[in-house]
$ cat input.txt   # compact mmCIF, C-alpha atoms (C1' of nucleotides)
# COMPACT_ATOMS: atom_id res chain seq x y z
CA MET A 1 239.78 76.39 343.05
CA LEU A 2 238.74 79.92 343.76
CA ARG A 3 241.36 82.43 342.78
CA LYS A 4 242.84 84.22 345.78
CA ILE A 5 241.48 87.76 345.69
CA GLU A 6 243.39 90.25 347.82
CA ASN A 7 241.79 93.45 346.67
CA ILE A 8 238.10 93.25 345.85
CA SER A 9 237.99 96.79 344.50
CA GLU A 10 240.74 95.98 341.99
CA TYR A 11 239.10 92.70 341.09
CA LEU A 12 235.79 94.37 340.32
CA LYS A 13 237.54 96.98 338.17
CA GLU A 14 239.35 94.25 336.21
CA SER A 15 235.99 92.58 335.65
CA GLY A 16 234.50 95.78 334.25
CA ILE A 17 232.48 96.74 337.31
CA LYS A 18 232.72 100.10 339.07
CA PRO A 19 233.57 99.26 342.67
CA SER A 20 230.90 101.06 344.67
CA TYR A 21 230.74 100.51 348.42
CA GLN A 22 227.64 98.29 348.15
CA ARG A 23 229.15 96.20 345.36
CA ILE A 24 232.36 95.64 347.30
CA ARG A 25 230.51 94.61 350.43
CA ILE A 26 228.17 92.26 348.57
CA PHE A 27 231.03 90.60 346.70
CA GLU A 28 233.02 90.32 349.90
CA TYR A 29 230.11 88.56 351.56
CA LEU A 30 229.61 86.23 348.61
CA MET A 31 233.30 85.39 348.51
CA HIS A 32 233.54 84.47 352.17
CA THR A 33 230.48 82.28 352.44
CA LYS A 34 230.07 78.68 351.33
CA GLU A 35 226.31 78.82 351.79
CA HIS A 36 225.14 79.70 348.25
CA PRO A 37 223.07 82.50 349.76
CA THR A 38 219.80 83.88 348.47
CA VAL A 39 219.18 87.58 347.87
CA ASP A 40 217.31 87.71 351.14
CA THR A 41 220.16 86.10 353.07
CA ILE A 42 222.66 88.56 351.69
CA TYR A 43 220.36 91.47 352.38
CA ARG A 44 219.75 90.44 355.99
CA ALA A 45 223.43 89.82 356.62
CA LEU A 46 224.49 93.25 355.39
CA VAL A 47 221.65 95.58 356.33
CA PRO A 48 222.68 95.86 360.01
CA GLU A 49 226.00 97.32 358.88
CA ILE A 50 224.62 99.18 355.84
CA PRO A 51 221.25 100.42 357.11
CA THR A 52 220.32 102.20 353.89
CA LEU A 53 220.86 99.07 351.79
CA SER A 54 217.89 98.06 349.68
CA LYS A 55 217.00 94.70 348.21
CA THR A 56 216.82 96.29 344.78
CA THR A 57 220.51 97.06 345.03
CA VAL A 58 221.26 93.49 346.02
CA TYR A 59 219.28 92.28 343.00
CA ASN A 60 220.96 94.77 340.66
CA THR A 61 224.40 93.95 341.98
CA LEU A 62 224.02 90.19 341.71
CA ASN A 63 222.71 90.48 338.17
CA LEU A 64 225.76 92.59 337.38
CA PHE A 65 228.08 89.98 338.87
CA VAL A 66 226.46 87.22 336.84
CA GLU A 67 226.59 89.23 333.61
CA ASN A 68 230.26 89.95 334.18
CA ARG A 69 230.79 86.32 335.14
CA ILE A 70 232.36 86.78 338.55
CA ALA A 71 229.49 84.88 340.18
CA TYR A 72 227.24 82.00 339.22
CA LEU A 73 223.51 81.80 339.54
CA ILE A 74 222.82 78.40 341.08
CA SER A 75 219.47 77.08 339.91
CA ILE A 76 219.19 74.29 342.43
CA GLU A 77 216.36 75.89 344.36
CA GLU A 78 213.10 76.13 342.47
CA ASN A 79 211.58 79.11 344.18
CA GLU A 80 214.53 81.38 344.78
CA ALA A 81 217.86 82.18 343.17
CA ARG A 82 221.12 81.32 344.90
CA TYR A 83 224.55 82.73 344.14
CA ASP A 84 228.11 81.44 344.26
CA ALA A 85 231.33 83.40 343.82
CA ASP A 86 233.21 80.14 343.26
CA THR A 87 232.93 79.72 339.50
CA SER A 88 235.25 76.73 339.35
CA LEU A 89 233.79 73.35 338.43
CA HIS A 90 232.20 71.66 341.42
CA GLY A 91 228.95 69.83 342.09
CA HIS A 92 226.05 70.69 344.35
CA PHE A 93 224.24 67.97 346.23
CA LYS A 94 220.83 68.96 347.56
CA CYS A 95 219.21 66.84 350.26
CA VAL A 96 215.49 66.54 349.53
CA SER A 97 214.84 65.91 353.22
CA CYS A 98 216.80 68.54 355.18
CA GLN A 99 217.13 70.84 352.14
CA LYS A 100 220.84 71.44 352.77
CA VAL A 101 223.19 71.91 349.82
CA PHE A 102 226.64 70.30 349.93
CA ASP A 103 229.50 70.95 347.54
CA PHE A 104 231.35 68.01 346.09
CA ASP A 105 234.28 67.60 343.74
CA VAL A 106 233.82 66.96 340.05
CA GLU A 107 236.92 66.11 338.05
CA ALA A 108 237.16 68.26 334.95
CA ASP A 109 237.94 65.21 332.83
CA GLN A 110 234.71 63.62 333.97
CA LEU A 111 232.92 66.09 331.72
CA ARG A 112 235.01 65.76 328.59
CA TYR A 113 232.28 66.45 326.09
CA GLY A 114 232.13 70.19 325.60
CA GLY A 115 228.51 70.39 324.51
CA PRO A 116 226.92 70.61 321.07
CA GLU A 117 229.32 71.08 318.15
CA GLY A 118 230.41 74.63 317.41
CA SER A 119 229.05 76.05 320.61
CA GLU A 120 230.87 77.92 323.34
CA VAL A 121 230.38 76.55 326.84
CA ARG A 122 230.67 79.23 329.50
CA GLU A 123 229.37 77.48 332.59
CA LYS A 124 229.17 73.84 333.61
CA HIS A 125 226.80 72.95 336.40
CA VAL A 126 226.41 69.55 338.03
CA TYR A 127 223.85 68.97 340.71
CA TYR A 128 222.47 65.94 342.42
CA LYS A 129 219.36 65.49 344.49
CA GLY A 130 218.84 62.80 347.09
CA LEU A 131 219.26 62.00 350.76
CA CYS A 132 222.36 63.19 352.56
CA SER A 133 224.20 60.72 354.80
CA GLY A 134 222.50 62.05 357.92
CA CYS A 135 218.95 61.87 356.59
CA ASN A 136 219.66 58.54 354.86
CA GLN A 137 220.45 56.84 358.19
CA VAL A 138 217.38 58.13 359.99
CA GLN A 139 214.99 56.63 357.47
CA MET B 1 216.92 55.97 327.47
CA LEU B 2 213.31 56.50 328.33
CA ARG B 3 211.50 53.31 329.10
CA LYS B 4 208.89 52.42 326.53
CA ILE B 5 205.54 53.06 328.12
CA GLU B 6 202.60 51.38 326.38
CA ASN B 7 199.90 52.02 328.92
CA ILE B 8 200.10 55.32 330.78
CA SER B 9 197.27 54.41 333.11
CA GLU B 10 199.09 51.25 334.22
CA TYR B 11 202.35 53.14 334.53
CA LEU B 12 200.81 55.76 336.81
CA LYS B 13 199.27 53.03 338.97
CA GLU B 14 202.61 51.25 339.29
CA SER B 15 204.13 54.56 340.35
CA GLY B 16 201.55 55.02 343.09
CA ILE B 17 199.42 57.61 341.29
CA LYS B 18 195.71 57.27 340.69
CA PRO B 19 195.26 57.61 336.94
CA SER B 20 192.69 60.37 336.57
CA TYR B 21 191.88 61.69 333.12
CA GLN B 22 193.83 64.92 333.67
CA ARG B 23 196.87 63.08 335.00
CA ILE B 24 196.94 60.71 332.06
CA ARG B 25 196.68 63.52 329.55
CA ILE B 26 199.35 65.62 331.26
CA PHE B 27 201.77 62.71 331.49
CA GLU B 28 201.07 61.79 327.90
CA TYR B 29 201.91 65.31 326.80
CA LEU B 30 205.07 65.37 328.88
CA MET B 31 206.18 62.01 327.51
CA HIS B 32 205.78 62.99 323.88
CA THR B 33 207.51 66.34 323.96
CA LYS B 34 211.22 67.07 323.99
CA GLU B 35 210.67 70.73 324.86
CA HIS B 36 210.97 70.69 328.67
CA PRO B 37 207.68 72.54 328.85
CA THR B 38 206.60 75.02 331.49
CA VAL B 39 203.31 74.77 333.37
CA ASP B 40 201.91 77.44 331.10
CA THR B 41 202.95 75.58 327.95
CA ILE B 42 201.30 72.38 329.13
CA TYR B 43 198.17 74.22 330.17
CA ARG B 44 197.84 75.99 326.82
CA ALA B 45 198.47 72.81 324.88
CA LEU B 46 195.77 70.85 326.67
CA VAL B 47 193.06 73.37 327.48
CA PRO B 48 191.59 73.38 323.94
CA GLU B 49 190.87 69.66 324.32
CA ILE B 50 190.09 69.76 328.05
CA PRO B 51 188.24 73.07 328.39
CA THR B 52 187.63 72.72 332.12
CA LEU B 53 191.33 72.19 332.87
CA SER B 54 192.79 74.58 335.41
CA LYS B 55 196.37 75.62 335.97
CA THR B 56 196.06 74.54 339.59
CA THR B 57 195.54 70.98 338.40
CA VAL B 58 198.57 71.21 336.17
CA TYR B 59 200.63 72.43 339.14
CA ASN B 60 199.24 69.75 341.43
CA THR B 61 199.80 67.02 338.90
CA LEU B 62 203.38 67.97 338.09
CA ASN B 63 204.24 68.17 341.78
CA LEU B 64 202.77 64.70 342.15
CA PHE B 65 204.85 63.38 339.24
CA VAL B 66 208.03 64.84 340.73
CA GLU B 67 207.29 63.43 344.19
CA ASN B 68 206.68 60.02 342.70
CA ARG B 69 209.76 60.40 340.53
CA ILE B 70 208.25 59.83 337.13
CA ALA B 71 209.26 63.33 336.03
CA TYR B 72 212.13 65.71 336.73
CA LEU B 73 211.92 69.34 337.62
CA ILE B 74 214.52 71.04 335.44
CA SER B 75 215.92 74.09 337.21
CA ILE B 76 217.64 75.58 334.21
CA GLU B 77 215.27 78.50 333.90
CA GLU B 78 215.42 81.01 336.72
CA ASN B 79 211.93 82.41 336.53
CA GLU B 80 209.82 79.38 335.75
CA ALA B 81 209.88 75.64 336.35
CA ARG B 82 210.33 73.22 333.48
CA TYR B 83 209.54 69.52 333.46
CA ASP B 84 210.95 66.44 331.79
CA ALA B 85 209.52 62.91 331.71
CA ASP B 86 212.90 61.57 330.57
CA THR B 87 214.58 60.81 333.89
CA SER B 88 217.60 59.11 332.33
CA LEU B 89 220.99 60.82 332.58
CA HIS B 90 221.39 63.51 329.96
CA GLY B 91 222.64 67.07 329.89
CA HIS B 92 220.88 70.33 329.11
CA PHE B 93 222.67 73.07 327.24
CA LYS B 94 221.07 76.49 327.50
CA CYS B 95 222.04 79.21 325.04
CA VAL B 96 222.32 82.51 326.88
CA SER B 97 221.61 84.36 323.65
CA CYS B 98 218.62 82.66 322.00
CA GLN B 99 217.50 81.00 325.28
CA LYS B 100 216.97 77.62 323.61
CA VAL B 101 217.68 74.45 325.58
CA PHE B 102 219.39 71.51 323.83
CA ASP B 103 219.76 68.02 325.20
CA PHE B 104 223.14 66.35 324.98
CA ASP B 105 224.52 62.96 325.95
CA VAL B 106 226.35 62.41 329.19
CA GLU B 107 228.05 59.04 329.60
CA ALA B 108 227.30 57.51 332.98
CA ASP B 109 231.03 56.92 333.52
CA GLN B 110 231.65 60.63 333.09
CA LEU B 111 230.03 61.02 336.50
CA ARG B 112 231.62 58.10 338.28
CA TYR B 113 231.53 59.59 341.74
CA GLY B 114 228.11 58.98 343.17
CA GLY B 115 227.95 61.96 345.50
CA PRO B 116 228.86 62.62 349.12
CA GLU B 117 229.74 59.55 351.23
CA GLY B 118 226.81 57.66 352.75
CA SER B 119 224.21 59.57 350.80
CA GLU B 120 221.63 58.28 348.37
CA VAL B 121 221.66 60.02 344.99
CA ARG B 122 218.24 60.06 343.35
CA GLU B 123 218.72 62.52 340.51
CA LYS B 124 221.76 63.65 338.58
CA HIS B 125 221.50 66.86 336.62
CA VAL B 126 224.10 68.30 334.28
CA TYR B 127 223.60 71.62 332.60
CA TYR B 128 225.78 73.95 330.62
CA LYS B 129 225.28 77.56 329.72
CA GLY B 130 226.89 79.31 326.79
CA LEU B 131 226.41 80.17 323.15
CA CYS B 132 224.91 77.62 320.80
CA SER B 133 226.58 77.06 317.45
CA GLY B 134 224.13 79.34 315.66
CA CYS B 135 224.51 82.29 318.02
CA ASN B 136 228.26 81.73 318.32
CA GLN B 137 228.79 82.31 314.59
CA VAL B 138 226.72 85.47 314.43
CA GLN B 139 228.81 87.22 317.07
C1' DG C 1 178.60 57.43 350.84
C1' DT C 2 183.06 58.69 351.67
C1' DA C 3 187.62 59.64 349.87
C1' DT C 4 189.86 62.01 346.55
C1' DC C 5 190.42 65.12 342.83
C1' DT C 6 189.46 69.35 340.46
C1' DG C 7 189.28 74.20 339.71
C1' DC C 8 188.14 78.99 340.91
C1' DA C 9 189.63 82.99 343.46
C1' DA C 10 192.66 84.94 346.57
C1' DA C 11 197.07 85.04 348.78
C1' DA C 12 201.96 84.69 348.99
C1' DC C 13 206.46 85.33 347.26
C1' DA C 14 210.44 86.49 344.37
C1' DT C 15 211.91 89.60 341.06
C1' DT C 16 211.67 93.65 337.96
C1' DT C 17 210.60 98.34 336.69
C1' DG C 18 209.86 103.45 336.96
C1' DC C 19 211.56 107.18 338.83
C1' DA C 20 213.35 110.49 342.15
C1' DA C 21 217.10 111.24 345.37
C1' DT C 22 221.83 110.55 346.24
C1' DT C 23 226.58 109.92 345.36
C1' DC C 24 230.95 110.21 342.91
C1' DT C 25 234.36 112.41 340.10
C1' DA D 1 227.52 119.83 336.55
C1' DG D 2 226.97 115.30 334.56
C1' DA D 3 226.69 110.43 334.69
C1' DA D 4 226.07 106.48 337.25
C1' DT D 5 224.24 104.31 341.35
C1' DT D 6 221.00 103.69 344.87
C1' DG D 7 216.57 102.79 346.95
C1' DC D 8 211.59 103.33 347.55
C1' DA D 9 207.07 102.00 345.89
C1' DA D 10 204.40 99.83 342.60
C1' DA D 11 203.88 96.34 339.13
C1' DT D 12 204.60 91.74 337.29
C1' DG D 13 204.57 86.87 337.08
C1' DT D 14 204.86 82.31 339.09
C1' DT D 15 203.37 79.19 342.45
C1' DT D 16 200.63 77.96 346.56
C1' DT D 17 196.56 77.80 349.47
C1' DG D 18 191.62 77.64 351.00
C1' DC D 19 187.63 75.88 349.98
C1' DA D 20 183.41 74.44 347.48
C1' DG D 21 181.75 71.54 343.90
C1' DA D 22 182.49 67.44 341.07
C1' DT D 23 184.05 62.82 340.44
C1' DA D 24 185.26 58.10 341.37
C1' DC D 25 185.03 53.59 343.62

$ encode --input "input.txt" --output "structure tokens"
Amino acid sequence: MLRKIENISEYLKESGIKPSYQRIRIFEYLMHTKEHPTVDTIYRALVPEIPTLSKTTVYNTLNLFVENRIAYLISIEENEARYDADTSLHGHFKCVSCQKVFDFDVEADQLRYGGPEGSEVREKHVYYKGLCSGCNQVQ
Amino acid sequence: MLRKIENISEYLKESGIKPSYQRIRIFEYLMHTKEHPTVDTIYRALVPEIPTLSKTTVYNTLNLFVENRIAYLISIEENEARYDADTSLHGHFKCVSCQKVFDFDVEADQLRYGGPEGSEVREKHVYYKGLCSGCNQVQ
DNA sequence: GTATCTGCAAAACATTTGCAATTCT
DNA sequence: AGAATTGCAAATGTTTTGCAGATAC
């Protein structure tokens, strides 16, 4: 489960990131959405409130979050990067028909094997592709 | 395990794909490599023998393979698509330092849960990121 | 002979980079 | 003032599209 974060500014500091206004707002957005947003989605959601915001800053900030491991880059979409502030183990199910992405539970003990011998696993990703229940019935 | 394919032309036909020369050669390449090649890699490997080959054809052909489910699109690389003709369940481990991708075994029973209720799972992908044994020792 | 497939060139995007302006302490 | 951050504009790189010529049945 996602750790309860009361103070984003403190959390960023702990993670080695200087808490600028833009960084706080972007992390706040990422933390409160379940949508695995793209850079464009984040930009469009925040630019009405932060009119000077640029996409470059969104790119820079997300790269910073990923490097400092407080967000995951979800590679489920081929053409564009998606981000998730929930770095706990869970699966993503992508419907090939309606394109929606659903989260689902993965038990930690279902992935016992830690990877090749002597290596250090930092992120575990599980994703499925198929037809979601809605699209499956229509067909 | 990957099904033993004796006759690529027949296999493409069975899969609903007209076996053109380019398609046969591209599938043959994909089947015999373990490298999860990019479009560019495939193109460069084949163009010396098929001088008229174009990248557009490689793109078209790989999209066709993915649609007809005889190849997987591996979304482990952010910037470029990689392809795999081995559609059996196995994991990909990507080293964040040397960028290499290693295959590893995933037991089917490690992913018991088939996905969200009522849905049809077509592909299961498991990938880890971290440091491979070589890069882990150096640090 | 008609459908399909191929491949060139151009277009469309996502992302990165260079650099100047701004902000923070 | 000095260092880091931001944001614009241009560059880069991958993938798609339009369309004409080639190929196959």

$ residues_around --input "input.txt" --residues "DT4 in chain C" --least-positions-apart "5" --cutoff "12 Å" --atoms "all atoms listed in the file" --output "ChimeraX atom specification"
/B:17-20 /D:22-25

$ write_last_selection --input "input.txt" --atoms "C-alpha atoms (C1' of nucleotides)" --output "short mmCIF file (atom, residue, chain, number, x, y, z; two decimals), keeping the file's coordinate frame"
data_model
loop_
_atom_site.label_atom_id
_atom_site.label_comp_id
_atom_site.auth_asym_id
_atom_site.auth_seq_id
_atom_site.Cartn_x
_atom_site.Cartn_y
_atom_site.Cartn_z
CA ILE B 17 199.42 57.61 341.29
CA LYS B 18 195.71 57.27 340.69
CA PRO B 19 195.26 57.61 336.94
CA SER B 20 192.69 60.37 336.57
"C1'" DA D 22 182.49 67.44 341.07
"C1'" DT D 23 184.05 62.82 340.44
"C1'" DA D 24 185.26 58.10 341.37
"C1'" DC D 25 185.03 53.59 343.62
#

$ residues_around --input "input.txt" --residues "DC24 in chain C" --least-positions-apart "5" --cutoff "10 Å" --atoms "only C-alpha atoms (C1' of nucleotides)" --output "JSON, numbers by chain"
{"A": [20], "D": [3, 4, 5]}

$ closest_residue --input "input.txt" --among "D:DG2, D:DC19, D:DG7, D:DG13" --to "chain B" --atoms "all atoms listed in the file"
D:DG13

$ atom_distance --input "input.txt" --atom1 "CA of Leu12 in chain B" --atom2 "CA of Leu30 in chain B"
13.2 Å

$ closest_residue --input "input.txt" --among "B:Arg44, B:Lys55, B:Lys34, B:Arg122" --to "chain C" --atoms "only C-alpha atoms (C1' of nucleotides)"
B:Lys55

$ atom_distance --input "input.txt" --atom1 "CA of Leu89 in chain A" --atom2 "CA of Glu35 in chain A"
16.3 Å

$ interface_residues --input "input.txt" --of "chain C" --to "chain A" --cutoff "10 Å" --atoms "all atoms listed in the file" --output "VMD selection string"
chain C and resid 13 to 16 23 to 24

$ residues_around --input "input.txt" --residues "range 125-139 of chain A" --least-positions-apart "3" --cutoff "7 Å" --atoms "only C-alpha atoms (C1' of nucleotides)" --output "mmCIF file with C-alpha atoms, in the frame of the given file"
data_model
loop_
_atom_site.group_PDB
_atom_site.id
_atom_site.type_symbol
_atom_site.label_atom_id
_atom_site.label_comp_id
_atom_site.auth_asym_id
_atom_site.auth_seq_id
_atom_site.Cartn_x
_atom_site.Cartn_y
_atom_site.Cartn_z
ATOM 1 C CA GLY A 91 228.950 69.830 342.090
ATOM 2 C CA HIS A 92 226.050 70.690 344.350
ATOM 3 C CA PHE A 93 224.240 67.970 346.230
ATOM 4 C CA LYS A 94 220.830 68.960 347.560
ATOM 5 C CA CYS A 95 219.210 66.840 350.260
ATOM 6 C CA VAL A 96 215.490 66.540 349.530
ATOM 7 C CA SER A 97 214.840 65.910 353.220
ATOM 8 C CA GLU B 117 229.740 59.550 351.230
ATOM 9 C CA GLY B 118 226.810 57.660 352.750
ATOM 10 C CA SER B 119 224.210 59.570 350.800
ATOM 11 C CA GLU B 120 221.630 58.280 348.370
ATOM 12 C CA VAL B 121 221.660 60.020 344.990
ATOM 13 C CA ARG B 122 218.240 60.060 343.350
ATOM 14 C CA GLU B 123 218.720 62.520 340.510
ATOM 15 C CA LYS B 124 221.760 63.650 338.580
ATOM 16 C CA HIS B 125 221.500 66.860 336.620
ATOM 17 C CA VAL B 126 224.100 68.300 334.280
ATOM 18 C CA TYR B 127 223.600 71.620 332.600
ATOM 19 C CA TYR B 128 225.780 73.950 330.620
#

$ calpha_fit_rmsd --input "input.txt" --fixed "chain B" --moving "chain A"
0.2 Å

$ residues_around --input "input.txt" --residues "Ser9 in chain B" --least-positions-apart "6" --cutoff "12 Å" --atoms "all atoms listed in the file" --output "number ranges by chain"
B: 15-28

$ build_atoms --input "input.txt" --residues "range 14-24 of chain B" --atoms "all heavy atoms" --output "PDB file, in the frame of the given file"
ATOM      1  N   GLU B  14     201.359  51.846 338.795  1.00  0.00           N
ATOM      2  CA  GLU B  14     202.610  51.250 339.290  1.00  0.00           C
ATOM      3  C   GLU B  14     203.432  52.257 340.101  1.00  0.00           C
ATOM      4  O   GLU B  14     204.143  51.875 341.031  1.00  0.00           O
ATOM      5  CB  GLU B  14     203.490  50.813 338.120  1.00  0.00           C
ATOM      6  CG  GLU B  14     203.084  49.521 337.461  1.00  0.00           C
ATOM      7  CD  GLU B  14     203.913  49.301 336.199  1.00  0.00           C
ATOM      8  OE1 GLU B  14     205.086  49.718 336.168  1.00  0.00           O
ATOM      9  OE2 GLU B  14     203.361  48.735 335.230  1.00  0.00           O
ATOM     10  N   SER B  15     203.337  53.524 339.691  1.00  0.00           N
ATOM     11  CA  SER B  15     204.130  54.560 340.350  1.00  0.00           C
ATOM     12  C   SER B  15     203.425  55.134 341.572  1.00  0.00           C
ATOM     13  O   SER B  15     203.907  56.076 342.199  1.00  0.00           O
ATOM     14  CB  SER B  15     204.423  55.693 339.358  1.00  0.00           C
ATOM     15  OG  SER B  15     204.970  55.162 338.166  1.00  0.00           O
ATOM     16  N   GLY B  16     202.252  54.579 341.882  1.00  0.00           N
ATOM     17  CA  GLY B  16     201.550  55.020 343.090  1.00  0.00           C
ATOM     18  C   GLY B  16     200.655  56.225 342.871  1.00  0.00           C
ATOM     19  O   GLY B  16     200.333  56.943 343.811  1.00  0.00           O
ATOM     20  N   ILE B  17     200.250  56.451 341.618  1.00  0.00           N
ATOM     21  CA  ILE B  17     199.420  57.610 341.290  1.00  0.00           C
ATOM     22  C   ILE B  17     198.104  57.133 340.709  1.00  0.00           C
ATOM     23  O   ILE B  17     198.085  56.337 339.764  1.00  0.00           O
ATOM     24  CB  ILE B  17     200.147  58.513 340.262  1.00  0.00           C
ATOM     25  CG1 ILE B  17     201.415  59.104 340.888  1.00  0.00           C
ATOM     26  CG2 ILE B  17     199.229  59.608 339.755  1.00  0.00           C
ATOM     27  CD1 ILE B  17     202.347  59.736 339.874  1.00  0.00           C
ATOM     28  N   LYS B  18     197.015  57.626 341.241  1.00  0.00           N
ATOM     29  CA  LYS B  18     195.710  57.270 340.690  1.00  0.00           C
ATOM     30  C   LYS B  18     195.562  57.908 339.324  1.00  0.00           C
ATOM     31  O   LYS B  18     195.712  59.121 339.170  1.00  0.00           O
ATOM     32  CB  LYS B  18     194.594  57.792 341.608  1.00  0.00           C
ATOM     33  CG  LYS B  18     193.970  56.714 342.461  1.00  0.00           C
ATOM     34  CD  LYS B  18     192.748  57.244 343.173  1.00  0.00           C
ATOM     35  CE  LYS B  18     192.463  56.438 344.429  1.00  0.00           C
ATOM     36  NZ  LYS B  18     191.533  57.125 345.324  1.00  0.00           N
ATOM     37  N   PRO B  19     195.265  57.100 338.307  1.00  0.00           N
ATOM     38  CA  PRO B  19     195.260  57.610 336.940  1.00  0.00           C
ATOM     39  C   PRO B  19     193.963  58.338 336.571  1.00  0.00           C
ATOM     40  O   PRO B  19     193.112  57.777 335.890  1.00  0.00           O
ATOM     41  CB  PRO B  19     195.445  56.342 336.097  1.00  0.00           C
ATOM     42  CG  PRO B  19     194.904  55.235 336.944  1.00  0.00           C
ATOM     43  CD  PRO B  19     195.034  55.647 338.368  1.00  0.00           C
ATOM     44  N   SER B  20     193.848  59.578 336.985  1.00  0.00           N
ATOM     45  CA  SER B  20     192.690  60.370 336.570  1.00  0.00           C
ATOM     46  C   SER B  20     192.890  60.809 335.120  1.00  0.00           C
ATOM     47  O   SER B  20     194.002  60.738 334.589  1.00  0.00           O
ATOM     48  CB  SER B  20     192.541  61.606 337.454  1.00  0.00           C
ATOM     49  OG  SER B  20     193.494  62.580 337.102  1.00  0.00           O
ATOM     50  N   TYR B  21     191.811  61.253 334.515  1.00  0.00           N
ATOM     51  CA  TYR B  21     191.880  61.690 333.120  1.00  0.00           C
ATOM     52  C   TYR B  21     192.924  62.780 332.926  1.00  0.00           C
ATOM     53  O   TYR B  21     193.781  62.700 332.051  1.00  0.00           O
ATOM     54  CB  TYR B  21     190.499  62.181 332.656  1.00  0.00           C
ATOM     55  CG  TYR B  21     190.469  62.662 331.232  1.00  0.00           C
ATOM     56  CD1 TYR B  21     190.730  61.793 330.181  1.00  0.00           C
ATOM     57  CD2 TYR B  21     190.206  64.002 330.933  1.00  0.00           C
ATOM     58  CE1 TYR B  21     190.715  62.230 328.872  1.00  0.00           C
ATOM     59  CE2 TYR B  21     190.191  64.450 329.626  1.00  0.00           C
ATOM     60  CZ  TYR B  21     190.446  63.562 328.593  1.00  0.00           C
ATOM     61  OH  TYR B  21     190.439  64.005 327.308  1.00  0.00           O
ATOM     62  N   GLN B  22     192.874  63.814 333.781  1.00  0.00           N
ATOM     63  CA  GLN B  22     193.830  64.920 333.670  1.00  0.00           C
ATOM     64  C   GLN B  22     195.271  64.439 333.809  1.00  0.00           C
ATOM     65  O   GLN B  22     196.158  64.860 333.058  1.00  0.00           O
ATOM     66  CB  GLN B  22     193.540  65.967 334.742  1.00  0.00           C
ATOM     67  CG  GLN B  22     192.308  66.814 334.495  1.00  0.00           C
ATOM     68  CD  GLN B  22     191.034  66.177 335.040  1.00  0.00           C
ATOM     69  OE1 GLN B  22     190.967  64.956 335.243  1.00  0.00           O
ATOM     70  NE2 GLN B  22     190.021  66.982 335.263  1.00  0.00           N
ATOM     71  N   ARG B  23     195.507  63.569 334.766  1.00  0.00           N
ATOM     72  CA  ARG B  23     196.870  63.080 335.000  1.00  0.00           C
ATOM     73  C   ARG B  23     197.407  62.301 333.811  1.00  0.00           C
ATOM     74  O   ARG B  23     198.569  62.428 333.443  1.00  0.00           O
ATOM     75  CB  ARG B  23     196.886  62.223 336.261  1.00  0.00           C
ATOM     76  CG  ARG B  23     196.707  63.049 337.517  1.00  0.00           C
ATOM     77  CD  ARG B  23     196.418  62.195 338.733  1.00  0.00           C
ATOM     78  NE  ARG B  23     196.272  63.015 339.929  1.00  0.00           N
ATOM     79  CZ  ARG B  23     195.968  62.526 341.128  1.00  0.00           C
ATOM     80  NH1 ARG B  23     195.762  61.235 341.282  1.00  0.00           N
ATOM     81  NH2 ARG B  23     195.860  63.341 342.156  1.00  0.00           N
ATOM     82  N   ILE B  24     196.531  61.477 333.235  1.00  0.00           N
ATOM     83  CA  ILE B  24     196.940  60.710 332.060  1.00  0.00           C
ATOM     84  C   ILE B  24     197.298  61.632 330.904  1.00  0.00           C
ATOM     85  O   ILE B  24     198.343  61.491 330.275  1.00  0.00           O
ATOM     86  CB  ILE B  24     195.818  59.722 331.642  1.00  0.00           C
ATOM     87  CG1 ILE B  24     195.652  58.641 332.709  1.00  0.00           C
ATOM     88  CG2 ILE B  24     196.125  59.092 330.286  1.00  0.00           C
ATOM     89  CD1 ILE B  24     194.418  57.773 332.527  1.00  0.00           C
TER      90      ILE B  24
END
